[in-house]
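These notes are about the structure you will find just below.
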Amino acid sequence: MAHKRSGGGLTTAQQAAKFLGVSVLAGAVLAGIALPAAGALGLSAKGTAAGFDDLPGELKAPPLSQASKILDSKGGLIATVYSRDRTVVPITAMSPNILKAIVDIEDSRYYEHGALDLKGILRALSNNASDGGTQGASTLTQQYVKNVFVEEAGDDATKVAQATQQTVGRKIKEMKYAIQVEKELGKKKILENYLNITFFGEQAYGIEAAAQRYFSTTAKKLTLTQAALLAGMVQSPSRYDPISNEQTALDRRNTVLARMAQLKDITPAQAAVAQKAPLGLKVSSPKNGCITAANGAGFFCDYVRETFLQNAAFGKTKTDRQKAWDIGGLTIRTTLDPKAQQSLLKGLGEHVYKGDNFVAADTMVQPGTGKIVAMGQSKPYGFGKNQTQLNLSVDRNMGNSGGFQNGSTFKPITAAAALEAGYKPDQTYPSPNELEIYPDVTNCAGQVVHAHPGEGTKNESKSEVGPYSMPDALKHSINTYFVALEADIGLCPIVNMASKLGFVRADGKPLIQAASLTLGVNEVSPLTVAAAYAAFANRGVYCTPTAIEAVTGPNGKQMAVPKTLCSRAMSQNTADTLNSMLKGVVDDGTGTAADLPGRDTAGKTGTTDDRRDAWFAGYTPSLASAVWLGDPFGKGIKGRRLSMYAGAPDNGGIKVKIGPKTFDKVEGATGPAPIWRDAMLGALEGTESEHFVTVPLPDPPAKNQPGDPTQPPDDGKGHGPGGAGPGGTGLPNPFPTFTIPPGITGGGNGRAGGGGNGGNGP
């Protein structure tokens with residue numbers, strides 16, 4: 001603050017400074033801003049600018065950040081996302097009322113002066129010299145330039161402060177660029193740009209967003225009173241916010257109306273009538289981000305955002321992609337089918353309530369294209385009670401979920417690897433009810449993996465005793481059969497088949513190669529399982545999942561998008577054989593609850609130890625889907641996930657309540673399978689019923705009688721010491737020192753070589 005003498009005048013030094021400042025700047029303006037040294041104005045005093053002549057020659061206006069729209073496959077709006085809520089519109093899409101109001105209140109001589117208003121500058125400099133401040137005399141053009149600097153600063157608080165600091169140096173910089181802009185753009189374009197860039201409060205940037213926010217209308221339809229209110233807000237959006245400061249905003253609006261009448265843009269009578277009108281607000285709440293997604297597609301919306309930010313198709317670096325997302329103005333057309341999405345949510349909601357301790361997640365993938373047509377969870381997307389932002393359908397890097405053991409839904413991958421290795425569907429093993437310890441297996445590094453004592457598995461029911469062939473073993477989900485098959489072919493062919501099917505751990509780590517691999521001990525996502533099963537439906541061709549079909553940039557041009565990559569994972573014959581066997585699972589096996597009337601349906605149930613995870617993964621020739629059910633939040637004892645088994649310690653013997661039903665125990669056949677069925681029925685409604693290419697399958701082998709003394713002891717692989725009878729293959733026993741007598745009890749489910757708990761249920 002300047003110190004005045006007792007008589008109220010300025011000191012000699014202050015008078016000199018005032019004269020120098022006004023004279024130099026006025027002369028500079030009249031001379032077209034050809035300032036000599038900067039020292040007279042202190043431009044270099046605090047590093048504001050080295051000097052006028054050193055300023056860059058051109059103002060590079062950044063693209064205005066706008067809202068982006070995410071659409072479903074039919075063109076319906078899923079969500080609007082933005083870093084700044086703005087929709088850029090041409091001046092022809094702005095009401096004449098707002099064009100007049102903003103000029104009258106902010107820069108009434110706009111069409112008379114150039115980039116700078118000399119009268120205003122001299123008036124401001126005189127006042128500033130009197131009180132030591134930096135009173136503005138900014139024209140609309142100068143204000144536009146300042147807003148460009150603010151826009152370029154983005155959300156960086158330091159840069160925003162620099163762009164708005166009240167210094168003479170910034171004013172000089174603003175002036176030079178204003179002259180350049182006025183020459184290049186002209187009055188009409190500058191006014192258009194100004195109204196598109198300006199902040200109007202309540203997260204609304206630009207006149208189109210402001211019209212929508214405060215009056216639920218468009219910039220083109222703004223009335224006189226509406227335009228006057230918005231024009232008055234520009235000076236201080238928070239102070240004149242009509243939502244929080246109604247009377248202050250009303251007074252400011254009437255000031256604008258009076259100014260418009262004074263300048264003869266409206267008549268005094270029009271002003272008088274308008275000033276008596278109420279504010280007439282019709283507020284639209286900000287709708288930003290996936291939290292507002294329609295049709296319960298919040299998780300899918302979030303997956304689309306992550307796809308954009310992580311895929312090099314949308315920018316070479318992560319910074320480039322983030323910048324493109326923040327600038328926005330994108331129209332992203334996705335693969336989401338609204339009918340399938342609605343049916344998926346209905347299927348989930350009818351079987352699992354959002355307030356349940358357990359959660360169900362479902363994802364649908366189109367065979368042959370990899371298109372994700374639906375994705376959802378029983379707990380909605382959000383921050384509130386019984387909501388979550390954890391996307392349980394996808395991998396950790398795309399949704400922060402670590403995935404879940406998929407149990408017996410992995411067995412078809414083992415079967416596919418065996419068929420590719422030359423094994424036939426009639427491959428038979430004695431398959432006892434229980435294995436006390438897993439047999440040794442060899443991993444991809446050629447190392448033999450030994451199980452620890454007590455690490456074994458058993459079949460779901462005591463009556464499930466072999467021999468079994470492959471179709472029957474899949475149909476009834478026989479653990480001991482698949483452990484024997486895995487030991488025969490080795491881990492590496494199975495791991496390689498999993499890789500061809502895009503089957504990866506949700507945490508991004510390599511698959512655990514343990515003797516329990518075939519029982520689904522690796523944590524995976526529903527999307528991974530659905531995409532793998534879609535390859536079965538596609539007769540052995542795997543296609544990478546995709547969520548984005550097209551992207552239009554803010555300039556109206558189409559952007560390149562990542563395409564699905566399809567490759568053959570297995571022969572057609574292998575796929576047809578697998579489809580024939582998995583069709584049997586649904587026709588009269590563990591998956592009958594998933595049967596779709598009148599449609600060829602195939603699939604596999606899966607349940608892990610203590611029923612902590614239950615699955616059904618299935619498909620028709622035209623659509624694949626995977627449903628997971630469990631507790632992802634660790635609400636059990638000491639953070640251990642709750643079991644869906646009433647007898648588990650976590651549940652304390654209490655029956656399991658999920659949705660409208662109460663269970664003693666939940667498994668893939670009773671929990672996920674009905675969800676899968678109901679979701680798929682609606683998704684496929686009205687579509688053609690297609691058929692699998694099937695192959696003849698062998699009849700089930702005759703069953704051994706428990707304790708039959710004529711049968712050789714079983715090594716867990718079905719290899720008796722000789723003979724080709726029902727209990728063996730006639731091959732020599734590769735584990736001569738390992739036998740399990742008939743009727744053995746005990747043992748348990750576990751891991752070999754650090755494999756985690758194996759799945760054991762249908």
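By convention here, the chains of the structure tokens are called A, B, ... in the order presented, each chain's residues are numbered starting at 1, and ligands are numbered starting at 1 in the order presented.
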
Got a sec: who's within 12 Å of Leu140 of chain A, counting only C-alpha atoms, leaving out chain neighbours fewer than 6 positions off, as an mmCIF file with N, CA and C atoms, in the first residue's frame?
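File produced: selection.cif:
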```cif
data_model
loop_
_atom_site.group_PDB
_atom_site.id
_atom_site.type_symbol
_atom_site.label_atom_id
_atom_site.label_comp_id
_atom_site.auth_asym_id
_atom_site.auth_seq_id
_atom_site.Cartn_x
_atom_site.Cartn_y
_atom_site.Cartn_z
ATOM 1 N N LEU A 99 -24.451 -12.867 -26.016
ATOM 2 C CA LEU A 99 -23.410 -12.122 -26.723
ATOM 3 C C LEU A 99 -23.455 -10.642 -26.342
ATOM 4 N N ILE A 102 -22.629 -10.190 -22.196
ATOM 5 C CA ILE A 102 -21.237 -10.354 -21.766
ATOM 6 C C ILE A 102 -20.385 -9.173 -22.202
ATOM 7 N N VAL A 103 -20.645 -8.647 -23.398
ATOM 8 C CA VAL A 103 -19.899 -7.476 -23.872
ATOM 9 C C VAL A 103 -20.263 -6.250 -23.043
ATOM 10 N N ASP A 104 -21.544 -6.045 -22.801
ATOM 11 C CA ASP A 104 -21.991 -4.844 -22.089
ATOM 12 C C ASP A 104 -21.422 -4.770 -20.671
ATOM 13 N N ILE A 105 -21.346 -5.898 -19.969
ATOM 14 C CA ILE A 105 -20.911 -5.865 -18.579
ATOM 15 C C ILE A 105 -19.395 -6.003 -18.427
ATOM 16 N N GLU A 106 -18.740 -6.636 -19.372
ATOM 17 C CA GLU A 106 -17.306 -6.889 -19.246
ATOM 18 C C GLU A 106 -16.440 -5.944 -20.063
ATOM 19 N N ASP A 107 -16.930 -5.472 -21.207
ATOM 20 C CA ASP A 107 -16.080 -4.647 -22.093
ATOM 21 C C ASP A 107 -16.980 -3.934 -23.090
ATOM 22 N N SER A 108 -17.624 -2.882 -22.632
ATOM 23 C CA SER A 108 -18.664 -2.230 -23.447
ATOM 24 C C SER A 108 -18.095 -1.573 -24.702
ATOM 25 N N ARG A 109 -16.790 -1.265 -24.725
ATOM 26 C CA ARG A 109 -16.174 -0.651 -25.909
ATOM 27 C C ARG A 109 -15.483 -1.696 -26.777
ATOM 28 N N TYR A 110 -15.864 -2.968 -26.586
ATOM 29 C CA TYR A 110 -15.197 -4.096 -27.249
ATOM 30 C C TYR A 110 -15.086 -3.911 -28.756
ATOM 31 N N TYR A 111 -16.133 -3.458 -29.395
ATOM 32 C CA TYR A 111 -16.126 -3.331 -30.852
ATOM 33 C C TYR A 111 -15.528 -2.001 -31.329
ATOM 34 N N HIS A 113 -12.514 -0.470 -29.650
ATOM 35 C CA HIS A 113 -11.064 -0.427 -29.453
ATOM 36 C C HIS A 113 -10.410 -1.649 -30.087
ATOM 37 N N GLY A 114 -9.078 -1.617 -30.065
ATOM 38 C CA GLY A 114 -8.350 -2.774 -30.553
ATOM 39 C C GLY A 114 -8.207 -3.807 -29.447
ATOM 40 N N ALA A 115 -7.068 -4.495 -29.491
ATOM 41 C CA ALA A 115 -6.842 -5.510 -28.469
ATOM 42 C C ALA A 115 -6.778 -4.882 -27.080
ATOM 43 N N LEU A 116 -6.301 -3.645 -26.994
ATOM 44 C CA LEU A 116 -6.173 -2.938 -25.734
ATOM 45 C C LEU A 116 -7.060 -1.710 -25.757
ATOM 46 N N ASP A 117 -7.537 -1.327 -24.576
ATOM 47 C CA ASP A 117 -8.364 -0.130 -24.444
ATOM 48 C C ASP A 117 -7.531 0.930 -23.735
ATOM 49 N N LYS A 146 -5.719 -14.426 -20.708
ATOM 50 C CA LYS A 146 -5.483 -14.910 -19.345
ATOM 51 C C LYS A 146 -6.111 -16.290 -19.141
ATOM 52 N N ASN A 147 -7.306 -16.491 -19.662
ATOM 53 C CA ASN A 147 -7.972 -17.783 -19.525
ATOM 54 C C ASN A 147 -7.231 -18.897 -20.268
ATOM 55 N N GLU A 174 0.218 -10.256 -21.114
ATOM 56 C CA GLU A 174 -1.169 -10.383 -21.562
ATOM 57 C C GLU A 174 -1.451 -9.444 -22.733
ATOM 58 N N MET A 175 -0.917 -8.217 -22.632
ATOM 59 C CA MET A 175 -1.151 -7.222 -23.691
ATOM 60 C C MET A 175 -0.552 -7.643 -25.023
ATOM 61 N N ALA A 178 -2.507 -10.367 -26.545
ATOM 62 C CA ALA A 178 -3.827 -9.883 -26.950
ATOM 63 C C ALA A 178 -3.767 -9.227 -28.324
ATOM 64 N N ILE A 179 -2.699 -8.469 -28.563
ATOM 65 C CA ILE A 179 -2.537 -7.830 -29.879
ATOM 66 C C ILE A 179 -2.412 -8.889 -30.965
ATOM 67 N N VAL A 181 -3.498 -12.021 -30.876
ATOM 68 C CA VAL A 181 -4.761 -12.745 -31.024
ATOM 69 C C VAL A 181 -5.770 -11.918 -31.807
ATOM 70 N N GLU A 182 -5.838 -10.625 -31.519
ATOM 71 C CA GLU A 182 -6.812 -9.769 -32.209
ATOM 72 C C GLU A 182 -6.527 -9.720 -33.710
ATOM 73 N N GLY A 186 -9.756 -11.910 -34.877
ATOM 74 C CA GLY A 186 -10.845 -10.967 -35.082
ATOM 75 C C GLY A 186 -11.844 -11.029 -33.948
ATOM 76 N N LYS A 187 -12.703 -10.016 -33.874
ATOM 77 C CA LYS A 187 -13.610 -9.836 -32.746
ATOM 78 C C LYS A 187 -14.590 -10.998 -32.565
ATOM 79 N N LYS A 188 -15.198 -11.449 -33.625
ATOM 80 C CA LYS A 188 -16.235 -12.475 -33.529
ATOM 81 C C LYS A 188 -15.678 -13.783 -32.981
ATOM 82 N N LYS A 189 -14.530 -14.210 -33.511
ATOM 83 C CA LYS A 189 -13.933 -15.469 -33.077
ATOM 84 C C LYS A 189 -13.429 -15.369 -31.640
ATOM 85 N N ILE A 190 -12.883 -14.216 -31.268
ATOM 86 C CA ILE A 190 -12.411 -14.045 -29.899
ATOM 87 C C ILE A 190 -13.574 -14.153 -28.924
ATOM 88 N N LEU A 191 -14.697 -13.533 -29.257
ATOM 89 C CA LEU A 191 -15.871 -13.603 -28.385
ATOM 90 C C LEU A 191 -16.364 -15.046 -28.260
ATOM 91 N N GLU A 192 -16.363 -15.756 -29.364
ATOM 92 C CA GLU A 192 -16.751 -17.174 -29.337
ATOM 93 C C GLU A 192 -15.816 -17.975 -28.430
ATOM 94 N N ASN A 193 -14.517 -17.778 -28.606
ATOM 95 C CA ASN A 193 -13.536 -18.498 -27.797
ATOM 96 C C ASN A 193 -13.658 -18.138 -26.315
ATOM 97 N N TYR A 194 -13.880 -16.862 -26.063
ATOM 98 C CA TYR A 194 -13.997 -16.403 -24.678
ATOM 99 C C TYR A 194 -15.169 -17.095 -23.974
ATOM 100 N N LEU A 195 -16.300 -17.159 -24.636
ATOM 101 C CA LEU A 195 -17.478 -17.770 -24.018
ATOM 102 C C LEU A 195 -17.341 -19.283 -23.893
ATOM 103 N N ILE A 197 -14.315 -20.741 -23.185
ATOM 104 C CA ILE A 197 -13.236 -21.056 -22.246
ATOM 105 C C ILE A 197 -13.540 -20.618 -20.813
ATOM 106 N N THR A 198 -14.417 -19.648 -20.641
ATOM 107 C CA THR A 198 -14.641 -19.025 -19.341
ATOM 108 C C THR A 198 -15.315 -19.969 -18.342
ATOM 109 N N VAL A 234 -19.307 -14.031 -14.415
ATOM 110 C CA VAL A 234 -17.935 -14.170 -14.892
ATOM 111 C C VAL A 234 -16.939 -13.459 -13.987
ATOM 112 N N GLN A 235 -17.314 -12.305 -13.482
ATOM 113 C CA GLN A 235 -16.398 -11.520 -12.645
ATOM 114 C C GLN A 235 -15.986 -12.287 -11.391
#
```

Can you pull out the residues contacting segment 646-651 of chain A? Cut-off 7 Å, using only C-alpha atoms, and skip same-chain residues under 2 positions away; I want them as JSON, numbers by chain. {"A": [610, 636, 637, 642, 643, 644, 653, 654, 655, 656, 664, 665]}

Set out as CSV a contact list for segment 335-426 of chain A and segment 541-544 of chain A with a cut-off of 12 Å, giving each residue of segment 335-426 of chain A that qualifies its closest atom pair and distance in Å to one decimal, counting only C-alpha atoms, ordered by chain and rising residue number.
```
residue,atom,partner,partner_atom,distance
A:Val365,CA,A:Cys543,CA,9.8
A:Gln366,CA,A:Cys543,CA,9.2
A:Pro367,CA,A:Cys543,CA,7.5
A:Gly368,CA,A:Cys543,CA,6.3
A:Thr369,CA,A:Cys543,CA,6.2
A:Gly370,CA,A:Cys543,CA,5.0
A:Lys371,CA,A:Thr544,CA,8.4
A:Ile372,CA,A:Thr544,CA,9.9
```

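Residues in contact with Asp241 of chain A at 7 Å, where only C-alpha atoms are counted and same-chain residues fewer than 5 positions away are skipped, are listed as Gly201, Met233 and Ala249 of chain A.
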
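With atom CA of Gly682 of chain A on one side and atom CA of Asn406 of chain A on the other, the separation reads 25.1 Å.
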
For the interface of segment 246-310 of chain A with segment 314-322 of chain A (cut-off 9 Å, counting only C-alpha atoms), please tabulate each contacting residue of segment 246-310 of chain A alongside its nearest pair of atoms and their separation in Å to one decimal, rows sorted by chain and increasing number, as a Markdown table.
```
| residue | atom | partner | partner_atom | distance |
| --- | --- | --- | --- | --- |
| A:Phe308 | CA | A:Phe314 | CA | 6.4 |
| A:Leu309 | CA | A:Arg321 | CA | 5.4 |
| A:Gln310 | CA | A:Lys318 | CA | 6.8 |
```

Which residue gives the smallest distance to Thr87 of chain A among A:Leu330, A:Ala417, A:Leu59, A:Cys444, with only C-alpha atoms counted?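 Of all the options, A:Leu330 lies closest to Thr87 of chain A.
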
Show which residues sit within 12 Å of Thr388 of chain A, as a PyMOL selection string. Count only C-alpha atoms, and ignore same-chain residues fewer than 5 positions away. chain A and resi 291+298-299+354-355+359+376-383+399-401+632-633

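Reported to one decimal place, the separation of atom CA of Leu336 of chain A from atom CA of Lys74 of chain A is 8.3 Å.
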
Neighbour list for Val666 of chain A as a PyMOL selection string, cut-off 7 Å, only C-alpha atoms, skip fewer than 4 positions in-chain: chain A and resi 611+644-645+670-671

Atom-to-atom span, atom CA of Asp595 of chain A and atom CA of Gly403 of chain A, Å: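 Pair atom CA of Asp595 of chain A / atom CA of Gly403 of chain A returns 26.3 Å.
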
Which residues, written as a PyMOL selection string, have at least one atom at most 8 Å from Pro701 of chain A, with only C-alpha atoms counted and residues fewer than 4 positions away on the same chain left out? chain A and resi 428+467-469+726

Shortest contact to Leu257 of chain A, candidates A:Asn97, A:Asn397, A:Ser65, A:Thr528, atoms counted only C-alpha atoms, goes to A:Asn97

Expected answer as a PDB file with C-alpha atoms, in the first residue's frame: alpha helix (DSSP H) residues in segment 470-615 of chain A:
```pdb
ATOM      1  CA  MET A 470     -12.988 -87.998 -20.122  1.00  0.00           C
ATOM      2  CA  PRO A 471     -16.611 -87.047 -20.988  1.00  0.00           C
ATOM      3  CA  ASP A 472     -17.969 -88.621 -17.824  1.00  0.00           C
ATOM      4  CA  ALA A 473     -15.181 -87.091 -15.714  1.00  0.00           C
ATOM      5  CA  LEU A 474     -16.057 -83.629 -17.024  1.00  0.00           C
ATOM      6  CA  LYS A 475     -19.768 -84.264 -16.612  1.00  0.00           C
ATOM      7  CA  HIS A 476     -19.357 -85.143 -12.924  1.00  0.00           C
ATOM      8  CA  ASN A 479     -10.949 -84.435  -9.395  1.00  0.00           C
ATOM      9  CA  THR A 480      -8.983 -87.666  -9.212  1.00  0.00           C
ATOM     10  CA  TYR A 481      -9.465 -88.277 -12.931  1.00  0.00           C
ATOM     11  CA  PHE A 482      -7.985 -84.922 -13.878  1.00  0.00           C
ATOM     12  CA  VAL A 483      -5.092 -85.234 -11.474  1.00  0.00           C
ATOM     13  CA  ALA A 484      -4.227 -88.527 -13.203  1.00  0.00           C
ATOM     14  CA  LEU A 485      -4.633 -86.988 -16.668  1.00  0.00           C
ATOM     15  CA  GLU A 486      -2.452 -84.039 -15.675  1.00  0.00           C
ATOM     16  CA  ALA A 487       0.264 -86.355 -14.364  1.00  0.00           C
ATOM     17  CA  ASP A 488       0.259 -88.249 -17.640  1.00  0.00           C
ATOM     18  CA  ILE A 489       0.591 -85.284 -19.995  1.00  0.00           C
ATOM     19  CA  LEU A 491       2.118 -79.488 -16.589  1.00  0.00           C
ATOM     20  CA  CYS A 492       3.736 -77.731 -19.531  1.00  0.00           C
ATOM     21  CA  PRO A 493       1.213 -78.713 -22.244  1.00  0.00           C
ATOM     22  CA  ILE A 494      -1.541 -77.498 -19.916  1.00  0.00           C
ATOM     23  CA  VAL A 495       0.246 -74.222 -19.175  1.00  0.00           C
ATOM     24  CA  ASN A 496       0.853 -73.698 -22.895  1.00  0.00           C
ATOM     25  CA  MET A 497      -2.815 -74.329 -23.682  1.00  0.00           C
ATOM     26  CA  ALA A 498      -3.824 -71.883 -20.954  1.00  0.00           C
ATOM     27  CA  SER A 499      -1.514 -69.292 -22.481  1.00  0.00           C
ATOM     28  CA  LYS A 500      -3.057 -69.765 -25.930  1.00  0.00           C
ATOM     29  CA  PRO A 526     -14.321 -63.676 -14.815  1.00  0.00           C
ATOM     30  CA  LEU A 527     -13.330 -61.824 -18.004  1.00  0.00           C
ATOM     31  CA  THR A 528     -10.339 -64.139 -18.459  1.00  0.00           C
ATOM     32  CA  VAL A 529     -12.497 -67.235 -18.000  1.00  0.00           C
ATOM     33  CA  ALA A 530     -15.273 -65.951 -20.275  1.00  0.00           C
ATOM     34  CA  ALA A 531     -12.806 -65.119 -23.067  1.00  0.00           C
ATOM     35  CA  ALA A 532     -11.203 -68.575 -22.817  1.00  0.00           C
ATOM     36  CA  TYR A 533     -14.579 -70.306 -23.014  1.00  0.00           C
ATOM     37  CA  ALA A 534     -15.507 -68.091 -25.969  1.00  0.00           C
ATOM     38  CA  ALA A 535     -12.608 -69.782 -27.804  1.00  0.00           C
ATOM     39  CA  PHE A 536     -14.272 -73.166 -27.238  1.00  0.00           C
ATOM     40  CA  ALA A 537     -17.459 -71.777 -28.804  1.00  0.00           C
ATOM     41  CA  GLN A 572     -11.295 -77.598 -34.737  1.00  0.00           C
ATOM     42  CA  ASN A 573     -11.619 -81.261 -33.912  1.00  0.00           C
ATOM     43  CA  THR A 574     -10.308 -80.698 -30.388  1.00  0.00           C
ATOM     44  CA  ALA A 575     -12.752 -77.823 -29.886  1.00  0.00           C
ATOM     45  CA  ASP A 576     -15.665 -79.811 -31.320  1.00  0.00           C
ATOM     46  CA  THR A 577     -14.821 -82.721 -29.025  1.00  0.00           C
ATOM     47  CA  LEU A 578     -14.551 -80.429 -26.028  1.00  0.00           C
ATOM     48  CA  ASN A 579     -17.845 -78.738 -26.903  1.00  0.00           C
ATOM     49  CA  SER A 580     -19.529 -82.126 -27.174  1.00  0.00           C
ATOM     50  CA  MET A 581     -18.262 -83.104 -23.732  1.00  0.00           C
ATOM     51  CA  LEU A 582     -19.124 -79.783 -22.072  1.00  0.00           C
ATOM     52  CA  LYS A 583     -22.571 -79.899 -23.645  1.00  0.00           C
ATOM     53  CA  GLY A 584     -23.029 -83.094 -21.666  1.00  0.00           C
ATOM     54  CA  VAL A 585     -22.165 -81.230 -18.456  1.00  0.00           C
ATOM     55  CA  VAL A 586     -25.232 -79.034 -18.974  1.00  0.00           C
ATOM     56  CA  ASP A 587     -27.478 -81.722 -20.455  1.00  0.00           C
ATOM     57  CA  ASP A 588     -27.185 -84.196 -17.572  1.00  0.00           C
TER      58      ASP A 588
END
```

Compare A:Ile78, A:Leu629, A:Val504, A:Ala602 by their minimum atom-to-atom distance to Thr292 of chain A, counting only C-alpha atoms, and give me the closest one.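 Of the candidates, the smallest distance to Thr292 of chain A is held by A:Ile78.
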